[in-house]
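Enquirer: So here's run_37.tsv (TSV, C-alpha atoms and all ligand atoms).
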```tsv
chain	number	residue	atom	x	y	z
A	1	MET	CA	0.00	0.00	0.00
A	2	THR	CA	1.36	3.43	-0.92
A	3	ALA	CA	1.84	5.76	2.03
A	4	THR	CA	-0.33	8.89	2.06
A	5	ALA	CA	1.33	12.19	3.04
A	6	PRO	CA	0.44	12.07	6.74
A	7	GLU	CA	0.86	15.68	7.81
A	8	VAL	CA	-2.01	18.11	7.51
A	9	ALA	CA	-2.81	21.55	8.86
A	10	ILE	CA	-6.06	23.16	9.96
A	11	ALA	CA	-5.90	26.93	10.32
A	12	GLY	CA	-2.18	26.80	10.96
A	13	LEU	CA	-2.51	23.91	13.40
A	14	ALA	CA	-0.10	21.28	12.11
A	15	LEU	CA	-1.21	17.71	12.72
A	16	ALA	CA	1.23	14.82	12.44
A	17	SER	CA	-1.54	12.68	10.95
A	18	PRO	CA	-5.01	13.28	9.49
A	19	VAL	CA	-6.38	10.75	12.01
A	20	LEU	CA	-7.95	12.18	15.17
A	21	VAL	CA	-9.73	10.58	18.11
A	22	ALA	CA	-13.39	11.71	18.09
A	23	ALA	CA	-15.07	13.46	21.00
A	24	GLY	CA	-16.38	11.25	23.76
A	25	CYS	CA	-14.77	8.07	22.47
A	26	GLY	CA	-11.30	8.20	24.01
A	27	GLY	CA	-12.08	8.78	27.69
A	28	THR	CA	-9.73	11.32	29.26
A	29	GLY	CA	-6.89	10.29	26.94
A	30	ARG	CA	-4.99	8.46	29.68
A	31	GLU	CA	-6.89	5.23	29.08
A	32	LEU	CA	-6.05	5.19	25.37
A	33	ALA	CA	-2.44	6.17	25.99
A	34	ALA	CA	-2.04	3.24	28.38
A	35	LEU	CA	-2.99	0.96	25.47
A	36	ASP	CA	-0.79	2.79	22.94
A	37	GLY	CA	-3.98	4.11	21.41
A	38	LEU	CA	-2.70	7.68	21.04
A	39	THR	CA	0.63	6.91	19.44
A	40	GLY	CA	1.07	8.85	16.21
A	41	VAL	CA	-2.48	10.20	15.98
A	42	GLY	CA	-2.92	13.76	14.72
A	43	GLY	CA	-4.94	14.82	17.73
A	44	PHE	CA	-7.25	13.94	20.58
A	45	VAL	CA	-10.69	15.50	20.94
A	46	THR	CA	-11.95	15.44	24.53
A	47	ARG	CA	-15.46	14.45	25.51
A	48	THR	CA	-17.69	17.48	25.50
A	49	ILE	CA	-16.94	19.74	28.46
A	50	THR	CA	-19.54	22.12	29.88
A	51	LEU	CA	-19.10	25.00	32.32
A	52	ASP	CA	-20.78	23.11	35.15
A	53	PRO	CA	-20.33	19.41	35.89
A	54	ARG	CA	-22.95	17.07	34.43
A	55	GLU	CA	-23.75	13.69	35.87
A	56	GLY	CA	-25.14	12.43	32.60
A	57	HIS	CA	-27.98	10.01	32.07
A	58	PRO	CA	-28.64	7.31	34.62
A	59	GLY	CA	-28.75	3.71	33.45
A	60	ARG	CA	-27.18	2.12	30.44
A	61	ARG	CA	-25.65	4.71	28.14
A	62	VAL	CA	-24.36	2.67	25.23
A	63	HIS	CA	-26.21	-0.07	23.38
A	64	GLU	CA	-24.64	-2.07	20.58
A	65	THR	CA	-26.75	-2.74	17.48
A	66	ASP	CA	-25.89	-4.65	14.31
A	67	ALA	CA	-25.09	-1.31	12.68
A	68	GLY	CA	-23.03	0.42	15.36
A	69	PHE	CA	-23.81	1.90	18.76
A	70	VAL	CA	-26.80	3.85	19.99
A	71	HIS	CA	-25.73	6.01	22.91
A	72	ALA	CA	-27.12	8.58	25.29
A	73	THR	CA	-24.48	9.81	27.71
A	74	GLY	CA	-26.24	13.01	28.68
A	75	LEU	CA	-22.82	14.66	28.17
A	76	ALA	CA	-21.44	13.38	31.46
A	77	ASN	CA	-18.34	15.43	32.29
A	78	PRO	CA	-16.61	16.94	35.32
A	79	GLY	CA	-17.21	20.56	34.30
A	80	LEU	CA	-14.64	23.11	33.18
A	81	HIS	CA	-12.99	23.72	36.56
A	82	GLN	CA	-12.24	20.04	37.23
A	83	PHE	CA	-11.25	19.46	33.62
A	84	LEU	CA	-8.68	22.26	33.86
A	85	ALA	CA	-7.40	20.96	37.17
A	86	THR	CA	-7.26	17.22	36.55
A	87	GLU	CA	-7.47	16.32	32.85
A	88	LEU	CA	-5.93	19.09	30.77
A	89	PRO	CA	-2.55	19.04	32.59
A	90	TRP	CA	-2.05	15.40	31.62
A	91	LEU	CA	-3.02	16.09	28.00
A	92	ALA	CA	-0.74	19.14	27.91
A	93	ALA	CA	2.19	17.01	29.05
A	94	ALA	CA	1.36	14.19	26.63
A	95	ASP	CA	2.74	14.26	23.13
A	96	VAL	CA	-0.64	14.83	21.47
A	97	ARG	CA	-2.48	17.77	19.97
A	98	THR	CA	-5.53	18.46	22.12
A	99	VAL	CA	-8.82	19.81	20.89
A	100	VAL	CA	-11.32	20.48	23.67
A	101	SER	CA	-14.94	19.80	22.77
A	102	VAL	CA	-17.34	22.22	24.42
A	103	ALA	CA	-21.06	22.88	24.61
A	104	ALA	CA	-22.96	25.58	26.48
A	105	SER	CA	-26.42	26.61	27.53
A	106	SER	CA	-26.08	30.24	26.38
A	107	LEU	CA	-23.95	32.49	24.21
A	108	GLY	CA	-22.46	34.00	27.36
A	109	GLU	CA	-21.37	30.57	28.50
A	110	TYR	CA	-19.79	29.89	25.11
A	111	ALA	CA	-17.80	33.11	25.43
A	112	ASP	CA	-16.73	32.19	28.96
A	113	LEU	CA	-15.54	28.76	27.81
A	114	ALA	CA	-13.59	30.38	24.97
A	115	ARG	CA	-11.83	32.84	27.29
A	116	ARG	CA	-10.91	30.30	29.94
A	117	LEU	CA	-9.84	27.51	27.59
A	118	GLY	CA	-8.13	29.83	25.13
A	119	ASP	CA	-5.79	30.99	27.89
A	120	SER	CA	-5.00	27.48	29.11
A	121	PRO	CA	-1.70	25.84	28.15
A	122	GLY	CA	-2.16	22.64	26.19
A	123	VAL	CA	-5.31	23.66	24.31
A	124	ASP	CA	-4.57	23.53	20.57
A	125	GLY	CA	-8.14	23.96	19.46
A	126	LEU	CA	-11.78	24.12	20.48
A	127	GLU	CA	-14.48	22.01	18.88
A	128	LEU	CA	-18.01	23.31	19.37
A	129	ASP	CA	-20.44	20.45	19.80
A	130	LEU	CA	-23.34	22.04	17.89
A	131	ALA	CA	-25.27	18.91	16.99
A	132	THR	CA	-25.52	16.63	19.98
A	133	PRO	CA	-28.74	14.72	19.36
A	134	ASP	CA	-31.40	16.28	21.58
A	135	GLY	CA	-29.06	19.06	22.72
A	136	PRO	CA	-31.89	21.46	23.64
A	137	ALA	CA	-33.54	18.76	25.77
A	138	LEU	CA	-30.21	18.50	27.60
A	139	GLY	CA	-30.35	22.22	28.31
A	140	LEU	CA	-27.89	23.26	25.59
A	141	PHE	CA	-28.18	26.45	23.55
A	142	ASP	CA	-30.41	25.54	20.61
A	143	THR	CA	-28.19	25.40	17.52
A	144	ARG	CA	-30.53	23.48	15.21
A	145	GLU	CA	-31.06	26.55	13.02
A	146	PRO	CA	-27.90	27.43	11.06
A	147	PHE	CA	-28.00	31.07	12.15
A	148	GLN	CA	-28.07	30.00	15.80
A	149	ALA	CA	-25.09	27.69	15.24
A	150	ALA	CA	-23.33	30.66	13.65
A	151	ARG	CA	-24.09	32.81	16.70
A	152	ALA	CA	-22.41	30.26	18.97
A	153	VAL	CA	-19.35	30.20	16.69
A	154	ALA	CA	-19.18	34.01	16.59
A	155	ALA	CA	-19.42	34.22	20.40
A	156	VAL	CA	-16.45	31.87	20.75
A	157	ARG	CA	-14.42	33.40	17.92
A	158	ARG	CA	-14.60	36.84	19.52
A	159	ASP	CA	-12.96	35.66	22.71
A	160	LEU	CA	-10.61	32.96	21.44
A	161	PRO	CA	-6.92	33.78	20.98
A	162	ARG	CA	-6.05	33.82	17.27
A	163	GLY	CA	-3.65	30.90	17.50
A	164	THR	CA	-6.32	28.53	18.80
A	165	ALA	CA	-8.09	26.60	16.05
A	166	LEU	CA	-11.88	26.73	16.10
A	167	LEU	CA	-13.74	23.68	14.80
A	168	ALA	CA	-17.53	23.63	14.48
A	169	LYS	CA	-19.08	20.16	14.70
A	170	VAL	CA	-22.44	20.01	12.96
A	171	GLY	CA	-24.93	17.29	12.15
A	172	HIS	CA	-25.19	15.11	9.07
A	173	ASP	CA	-28.63	16.53	8.21
A	174	PRO	CA	-28.56	16.09	4.42
A	175	LEU	CA	-31.04	18.88	3.79
A	176	ARG	CA	-29.23	21.63	5.68
A	177	VAL	CA	-25.64	20.60	6.01
A	178	VAL	CA	-24.29	22.93	3.32
A	179	GLU	CA	-26.25	25.89	4.68
A	180	THR	CA	-25.03	25.13	8.21
A	181	ALA	CA	-21.41	24.68	7.15
A	182	ARG	CA	-21.48	27.97	5.26
A	183	ALA	CA	-23.04	29.80	8.23
A	184	VAL	CA	-20.51	28.55	10.79
A	185	ALA	CA	-17.58	29.19	8.43
A	186	GLU	CA	-18.74	32.75	7.82
A	187	ALA	CA	-19.03	33.20	11.59
A	188	GLY	CA	-15.37	32.32	12.02
A	189	ALA	CA	-14.96	28.54	12.23
A	190	ASP	CA	-11.60	27.43	10.85
A	191	ALA	CA	-12.92	23.97	10.01
A	192	VAL	CA	-16.20	22.10	10.05
A	193	VAL	CA	-16.52	18.65	11.57
A	194	LEU	CA	-19.08	16.47	9.76
A	195	GLY	CA	-20.38	15.41	12.08
A	196	ASN	CA	-22.13	14.10	15.13
A	197	ALA	CA	-24.14	10.91	15.70
A	198	LEU	CA	-27.46	10.51	13.87
A	199	PRO	CA	-30.58	10.91	16.02
A	200	ALA	CA	-31.73	7.43	17.05
A	201	LEU	CA	-33.68	5.56	19.71
A	202	LEU	CA	-32.34	3.25	22.39
A	203	PRO	CA	-34.20	-0.07	22.76
A	204	ASP	CA	-35.86	1.22	25.95
A	205	GLY	CA	-37.35	4.16	24.02
A	206	ARG	CA	-34.98	6.88	25.20
A	207	PRO	CA	-33.58	9.22	22.54
A	208	GLY	CA	-29.91	8.97	21.69
A	209	GLY	CA	-27.44	9.00	18.81
A	210	LEU	CA	-26.31	6.35	16.35
A	211	SER	CA	-22.59	6.02	15.62
A	212	GLY	CA	-20.45	3.50	13.81
A	213	PRO	CA	-20.53	1.70	10.45
A	214	ALA	CA	-24.12	2.63	9.53
A	215	VAL	CA	-23.21	6.31	9.61
A	216	ARG	CA	-20.22	6.07	7.26
A	217	PRO	CA	-22.01	6.33	3.88
A	218	VAL	CA	-24.06	9.24	5.20
A	219	ALA	CA	-20.95	10.98	6.52
A	220	LEU	CA	-19.09	10.45	3.24
A	221	ARG	CA	-21.97	12.04	1.42
A	222	THR	CA	-22.18	15.10	3.63
A	223	VAL	CA	-18.40	15.58	3.35
A	224	ALA	CA	-18.61	15.29	-0.45
A	225	GLU	CA	-21.55	17.71	-0.66
A	226	VAL	CA	-20.03	20.35	1.58
A	227	HIS	CA	-16.67	20.02	-0.16
A	228	ALA	CA	-18.34	20.51	-3.56
A	229	ALA	CA	-20.20	23.61	-2.34
A	230	LEU	CA	-17.38	25.11	-0.25
A	231	PRO	CA	-14.16	23.72	-1.69
A	232	GLY	CA	-11.83	25.99	0.29
A	233	LEU	CA	-13.24	25.06	3.70
A	234	PRO	CA	-11.25	22.51	5.74
A	235	LEU	CA	-13.51	19.59	6.66
A	236	VAL	CA	-13.06	16.89	9.25
A	237	GLY	CA	-15.01	13.73	8.49
A	238	ALA	CA	-16.57	11.69	11.31
A	239	GLY	CA	-18.86	8.70	11.07
A	240	GLY	CA	-17.99	5.03	11.05
A	241	ALA	CA	-14.29	5.27	10.23
A	242	ALA	CA	-12.37	2.38	11.73
A	243	GLY	CA	-9.18	2.03	9.70
A	244	ALA	CA	-6.89	3.53	7.08
A	245	ASP	CA	-9.08	2.59	4.11
A	246	HIS	CA	-12.03	4.42	5.62
A	247	VAL	CA	-9.81	7.42	6.33
A	248	ARG	CA	-8.66	7.41	2.70
A	249	ALA	CA	-12.31	7.35	1.56
A	250	PHE	CA	-13.04	10.46	3.64
A	251	LEU	CA	-9.93	12.22	2.33
A	252	ALA	CA	-10.97	11.34	-1.23
A	253	ALA	CA	-14.43	12.83	-0.56
A	254	GLY	CA	-12.82	16.13	0.41
A	255	ALA	CA	-11.94	15.89	4.09
A	256	THR	CA	-8.66	17.29	5.42
A	257	ALA	CA	-8.74	15.07	8.51
A	258	VAL	CA	-10.87	12.25	9.89
A	259	GLN	CA	-12.06	11.40	13.39
A	260	ILE	CA	-12.43	7.85	14.63
A	261	GLY	CA	-14.97	7.35	17.41
A	262	ALA	CA	-17.19	4.35	17.98
A	263	ALA	CA	-14.66	1.91	16.50
A	264	LEU	CA	-12.44	2.63	19.52
A	265	LEU	CA	-15.03	0.93	21.74
A	266	HIS	CA	-14.14	-2.34	20.00
A	267	ASP	CA	-10.46	-1.70	19.43
A	268	PRO	CA	-8.83	1.15	21.39
A	269	THR	CA	-5.76	1.01	19.14
A	270	CYS	CA	-7.56	1.43	15.81
A	271	ALA	CA	-6.92	5.19	15.43
A	272	ALA	CA	-3.22	4.73	16.18
A	273	ARG	CA	-3.05	1.83	13.74
A	274	ALA	CA	-4.86	3.81	11.03
A	275	ALA	CA	-2.34	6.64	11.51
A	276	ALA	CA	0.55	4.18	11.25
A	277	ASP	CA	-0.96	2.58	8.13
A	278	LEU	CA	-1.24	5.97	6.46
A	279	ARG	CA	2.40	6.65	7.22
A	280	GLY	CA	3.19	3.37	5.51
A	281	GLU	CA	4.52	1.83	8.69
A	282	THR	CA	2.58	-1.41	8.46
B	1	LIG	C1	-20.07	6.60	23.31
B	1	LIG	C2	-20.00	7.86	22.50
B	1	LIG	C3	-19.87	9.09	23.15
B	1	LIG	C4	-19.80	10.27	22.39
B	1	LIG	N1	-19.65	11.46	23.06
B	1	LIG	C5	-19.54	12.62	22.34
B	1	LIG	C6	-19.30	13.85	22.98
B	1	LIG	O1	-19.13	13.96	24.20
B	1	LIG	N2	-19.25	14.97	22.20
B	1	LIG	C7	-19.40	14.93	20.83
B	1	LIG	O2	-19.32	15.97	20.15
B	1	LIG	N3	-19.58	13.75	20.19
B	1	LIG	C8	-19.65	12.60	20.90
B	1	LIG	N4	-19.83	11.42	20.26
B	1	LIG	C9	-19.94	11.41	18.77
B	1	LIG	C10	-18.59	11.09	18.12
B	1	LIG	O3	-17.59	12.02	18.48
B	1	LIG	C11	-18.70	11.07	16.58
B	1	LIG	O4	-19.00	12.37	16.11
B	1	LIG	C12	-19.81	10.17	16.07
B	1	LIG	O5	-19.95	9.03	16.89
B	1	LIG	C13	-19.56	9.71	14.62
B	1	LIG	O6	-18.30	9.08	14.49
B	1	LIG	P1	-18.05	7.50	14.77
B	1	LIG	O7	-19.08	6.74	14.01
B	1	LIG	O8	-16.64	7.26	14.32
B	1	LIG	O9	-18.20	7.32	16.26
B	1	LIG	C14	-19.88	10.22	20.98
B	1	LIG	C15	-20.00	8.97	20.35
B	1	LIG	C16	-20.05	7.81	21.08
B	1	LIG	C17	-20.15	6.49	20.36
```
Please rewrite the model in this file as structure tokens.

Expert:
Amino acid sequence: MTATAPEVAIAGLALASPVLVAAGCGGTGRELAALDGLTGVGGFVTRTITLDPREGHPGRRVHETDAGFVHATGLANPGLHQFLATELPWLAAADVRTVVSVAASSLGEYADLARRLGDSPGVDGLELDLATPDGPALGLFDTREPFQAARAVAAVRRDLPRGTALLAKVGHDPLRVVETARAVAEAGADAVVLGNALPALLPDGRPGGLSGPAVRPVALRTVAEVHAALPGLPLVGAGGAAGADHVRAFLAAGATAVQIGAALLHDPTCAARAAADLRGET
């Protein structure tokens, strides 16, 4: 297999590989590192961090189906203060680019997150989680309309130091994805992540998101459509990638980088192995 040029850059942020660990799928980073799961990846995206701690949903949060995982975590996280005190220092010392995923309940909270994270050593970028399935029901600022997603991006951009990359993660909604990508890019996003889990139902009837292999063809399509409409905009593909061939398919569709998420639940080393494959090391 021919090696693909592994290094990429998003808004001046150089990544050693186009392969990133997707939000919420790599724990705090330590767990993956202990299994060599971070070796050689281009970056690590944290689980979504909110200003205040969130306990998340009670009961079972992840259910495996024959097409991937349906999950409803309720965005469990320790809150910004604890994250800064206990998780970021480890990531800052680790040899990995760190993108902090954030979500907020108001524009003011988005601005606050931008100020406090932008000033923190070890933060290479922020990824705004604008399309968590059922975000408004979780108390998040409602970003389902493209102009509202753009307002969240603008609030963060205003207060984020210039050197910190700003990624906007949107949904795979085929009807509005181009409009949304254009709106968040115009509001100041350096790259658009396409995208979050598809809205789905857990077997017990609770709402959640679907991730994994079933999402891949949908994600490839949204990447291809947005790339065709906005060819200069850096895109990060996310949805069902599990290995180097999938990453290559996303790059061929127009992505600059690719996140691997649900596949890590089966094989915590698959992002590191995909990165090594692309470097031609295997
Ligand atoms: C268990 C689990 C937890 C997730 N948590 C988050 C999260 O905290 N924030 C977020 O933006 N996306 C989260 N996601 C979505 C993934 O980051 C990714 O966008 C989506 O699952 C599609 O990629 P994949 O099929 O490779 O997982 C989560 C996905 C899974 C499976």

Enquirer: What do you get as a PyMOL selection string if you pick all residues at most 6 Å from ligand LIG 1 (chain B), counting all atoms listed in the file?

Expert: chain A and resi 22-25+47-48+71+75+129+195-197+211-212+238-241+260-262

Enquirer: Which residue gives the smallest distance to Ala14 of chain A among A:Arg221, A:Arg279, A:Arg97, A:His81, with only C-alpha atoms counted?

Expert: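 Answer, going by the shortest atom-to-atom distance: A:Arg97.
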
Enquirer: Quick one: of A:Leu80, A:Val170, A:Leu160, A:Ala154, who's nearest to Asp119 of chain A, counting only C-alpha atoms?

Expert: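 Of A:Leu80, A:Val170, A:Leu160, A:Ala154, the one nearest Asp119 of chain A, counting only C-alpha atoms, is A:Leu160.
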
Enquirer: Restricting the calculation to all atoms listed in the file, which member of A:Ala274, A:Ile10, A:Val62, A:Ala150 is positioned closest to Ala244 of chain A?

Expert: A:Ala274

Enquirer: In Å, rounded to a single decimal, give me how far atom CA of Glu109 of chain A is from atom CA of Lys169 of chain A.

Expert: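 Atom CA of Glu109 of chain A lies 17.4 Å from atom CA of Lys169 of chain A.
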
Enquirer: Suppose you want the space between atom CA of Ala276 of chain A and atom CA of Gly40 of chain A; what is it in Å?

Expert: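 So the two atoms, atom CA of Ala276 of chain A and atom CA of Gly40 of chain A, lie 6.8 Å apart.
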
Enquirer: For atom CA of Thr269 of chain A and atom CA of Asp190 of chain A, determine how far apart the two atoms are, in Å to one decimal place.

Expert: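 A separation of 28.3 Å between them.
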
Enquirer: Can you tell me, as an MDAnalysis selection string, what residues are no more than 7 Å from segment 180-188 of chain A when counting all atoms listed in the file, ignoring any on the same chain fewer than 3 positions away?

Expert: chainID A and resid 146:147 149:150 153:154 157 168 176:177 192

Enquirer: I'd like the contact shell of Gly243 of chain A - 8 Å cut-off, only C-alpha atoms, skipping same-chain residues fewer than 3 positions apart - returned as a PDB file with C-alpha atoms, in the coordinates of the input.

Expert:
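Final file, result25.pdb:
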```
ATOM      1  CA  HIS A 246     -12.030   4.420   5.620  1.00  0.00           C
ATOM      2  CA  VAL A 247      -9.810   7.420   6.330  1.00  0.00           C
ATOM      3  CA  CYS A 270      -7.560   1.430  15.810  1.00  0.00           C
ATOM      4  CA  ALA A 271      -6.920   5.190  15.430  1.00  0.00           C
ATOM      5  CA  ARG A 273      -3.050   1.830  13.740  1.00  0.00           C
ATOM      6  CA  ALA A 274      -4.860   3.810  11.030  1.00  0.00           C
TER       7      ALA A 274
END
```

Enquirer: Which is closest to Thr143 of chain A among A:Leu166, A:Val178, A:Val70, A:Ala103, if we use only C-alpha atoms?

Expert: A:Ala103

Enquirer: Name the closest residue to Val41 of chain A among the candidates A:Ala229, A:Leu126, A:Val96, A:Ala67; distances are taken between atoms, counting only C-alpha atoms.

Expert: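 Ranked by minimum distance to Val41 of chain A, first place goes to A:Val96.
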
Enquirer: Can you work out which one of A:Ala93, A:Ala137, A:Leu235, A:Arg151 has the shortest atom-to-atom distance to Pro121 of chain A, counting all atoms listed in the file?

Expert: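 Among the listed residues, the smallest separation from Pro121 of chain A belongs to A:Ala93.
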
Enquirer: Can you pull out every residue within 6 Å of segment 99-101 of chain A, counting only C-alpha atoms, but drop anything in the same chain fewer than 4 positions away, and send it as a PyMOL selection string?

Expert: chain A and resi 45-46+48+124-128

Enquirer: Have segment 38-58 of chain A completed to N, CA and C atoms, please, and pass it along as an mmCIF file, in the coordinates of the input.

Expert:
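The resulting file, selection_4.cif, is reproduced below:
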```cif
data_model
loop_
_atom_site.group_PDB
_atom_site.id
_atom_site.type_symbol
_atom_site.label_atom_id
_atom_site.label_comp_id
_atom_site.auth_asym_id
_atom_site.auth_seq_id
_atom_site.Cartn_x
_atom_site.Cartn_y
_atom_site.Cartn_z
ATOM 1 N N LEU A 38 -2.888 6.296 21.490
ATOM 2 C CA LEU A 38 -2.700 7.680 21.040
ATOM 3 C C LEU A 38 -1.437 7.847 20.208
ATOM 4 N N THR A 39 -0.660 6.794 20.113
ATOM 5 C CA THR A 39 0.630 6.910 19.440
ATOM 6 C C THR A 39 0.467 7.312 17.972
ATOM 7 N N GLY A 40 1.042 8.438 17.610
ATOM 8 C CA GLY A 40 1.070 8.850 16.210
ATOM 9 C C GLY A 40 -0.212 9.444 15.674
ATOM 10 N N VAL A 41 -1.250 9.592 16.514
ATOM 11 C CA VAL A 41 -2.480 10.200 15.980
ATOM 12 C C VAL A 41 -2.262 11.713 15.826
ATOM 13 N N GLY A 42 -3.070 12.319 14.961
ATOM 14 C CA GLY A 42 -2.920 13.760 14.720
ATOM 15 C C GLY A 42 -3.458 14.598 15.853
ATOM 16 N N GLY A 43 -4.388 14.038 16.635
ATOM 17 C CA GLY A 43 -4.940 14.820 17.730
ATOM 18 C C GLY A 43 -5.984 14.027 18.507
ATOM 19 N N PHE A 44 -6.270 14.559 19.680
ATOM 20 C CA PHE A 44 -7.250 13.940 20.580
ATOM 21 C C PHE A 44 -8.330 14.976 20.867
ATOM 22 N N VAL A 45 -9.576 14.610 20.596
ATOM 23 C CA VAL A 45 -10.690 15.500 20.940
ATOM 24 C C VAL A 45 -11.292 14.977 22.244
ATOM 25 N N THR A 46 -11.411 15.853 23.230
ATOM 26 C CA THR A 46 -11.950 15.440 24.530
ATOM 27 C C THR A 46 -13.447 15.142 24.426
ATOM 28 N N ARG A 47 -13.994 14.499 25.441
ATOM 29 C CA ARG A 47 -15.460 14.450 25.510
ATOM 30 C C ARG A 47 -15.943 15.877 25.726
ATOM 31 N N THR A 48 -17.200 16.105 25.421
ATOM 32 C CA THR A 48 -17.690 17.480 25.500
ATOM 33 C C THR A 48 -17.681 17.966 26.954
ATOM 34 N N ILE A 49 -17.057 19.119 27.135
ATOM 35 C CA ILE A 49 -16.940 19.740 28.460
ATOM 36 C C ILE A 49 -17.914 20.923 28.532
ATOM 37 N N THR A 50 -18.629 21.002 29.649
ATOM 38 C CA THR A 50 -19.540 22.120 29.880
ATOM 39 C C THR A 50 -19.024 22.937 31.068
ATOM 40 N N LEU A 51 -19.573 24.136 31.226
ATOM 41 C CA LEU A 51 -19.100 25.000 32.320
ATOM 42 C C LEU A 51 -19.291 24.292 33.665
ATOM 43 N N ASP A 52 -20.497 23.800 33.890
ATOM 44 C CA ASP A 52 -20.780 23.110 35.150
ATOM 45 C C ASP A 52 -20.694 21.607 34.945
ATOM 46 N N PRO A 53 -20.379 20.868 36.023
ATOM 47 C CA PRO A 53 -20.330 19.410 35.890
ATOM 48 C C PRO A 53 -21.701 18.850 35.506
ATOM 49 N N ARG A 54 -21.683 17.747 34.771
ATOM 50 C CA ARG A 54 -22.950 17.070 34.430
ATOM 51 C C ARG A 54 -22.807 15.595 34.774
ATOM 52 N N GLU A 55 -23.809 15.104 35.496
ATOM 53 C CA GLU A 55 -23.750 13.690 35.870
ATOM 54 C C GLU A 55 -24.050 12.769 34.707
ATOM 55 N N GLY A 56 -24.770 13.264 33.741
ATOM 56 C CA GLY A 56 -25.140 12.430 32.600
ATOM 57 C C GLY A 56 -26.360 11.583 32.906
ATOM 58 N N HIS A 57 -26.755 10.798 31.909
ATOM 59 C CA HIS A 57 -27.980 10.010 32.070
ATOM 60 C C HIS A 57 -27.742 8.837 33.010
ATOM 61 N N PRO A 58 -28.747 8.516 33.813
ATOM 62 C CA PRO A 58 -28.640 7.310 34.620
ATOM 63 C C PRO A 58 -28.855 6.075 33.727
#
```
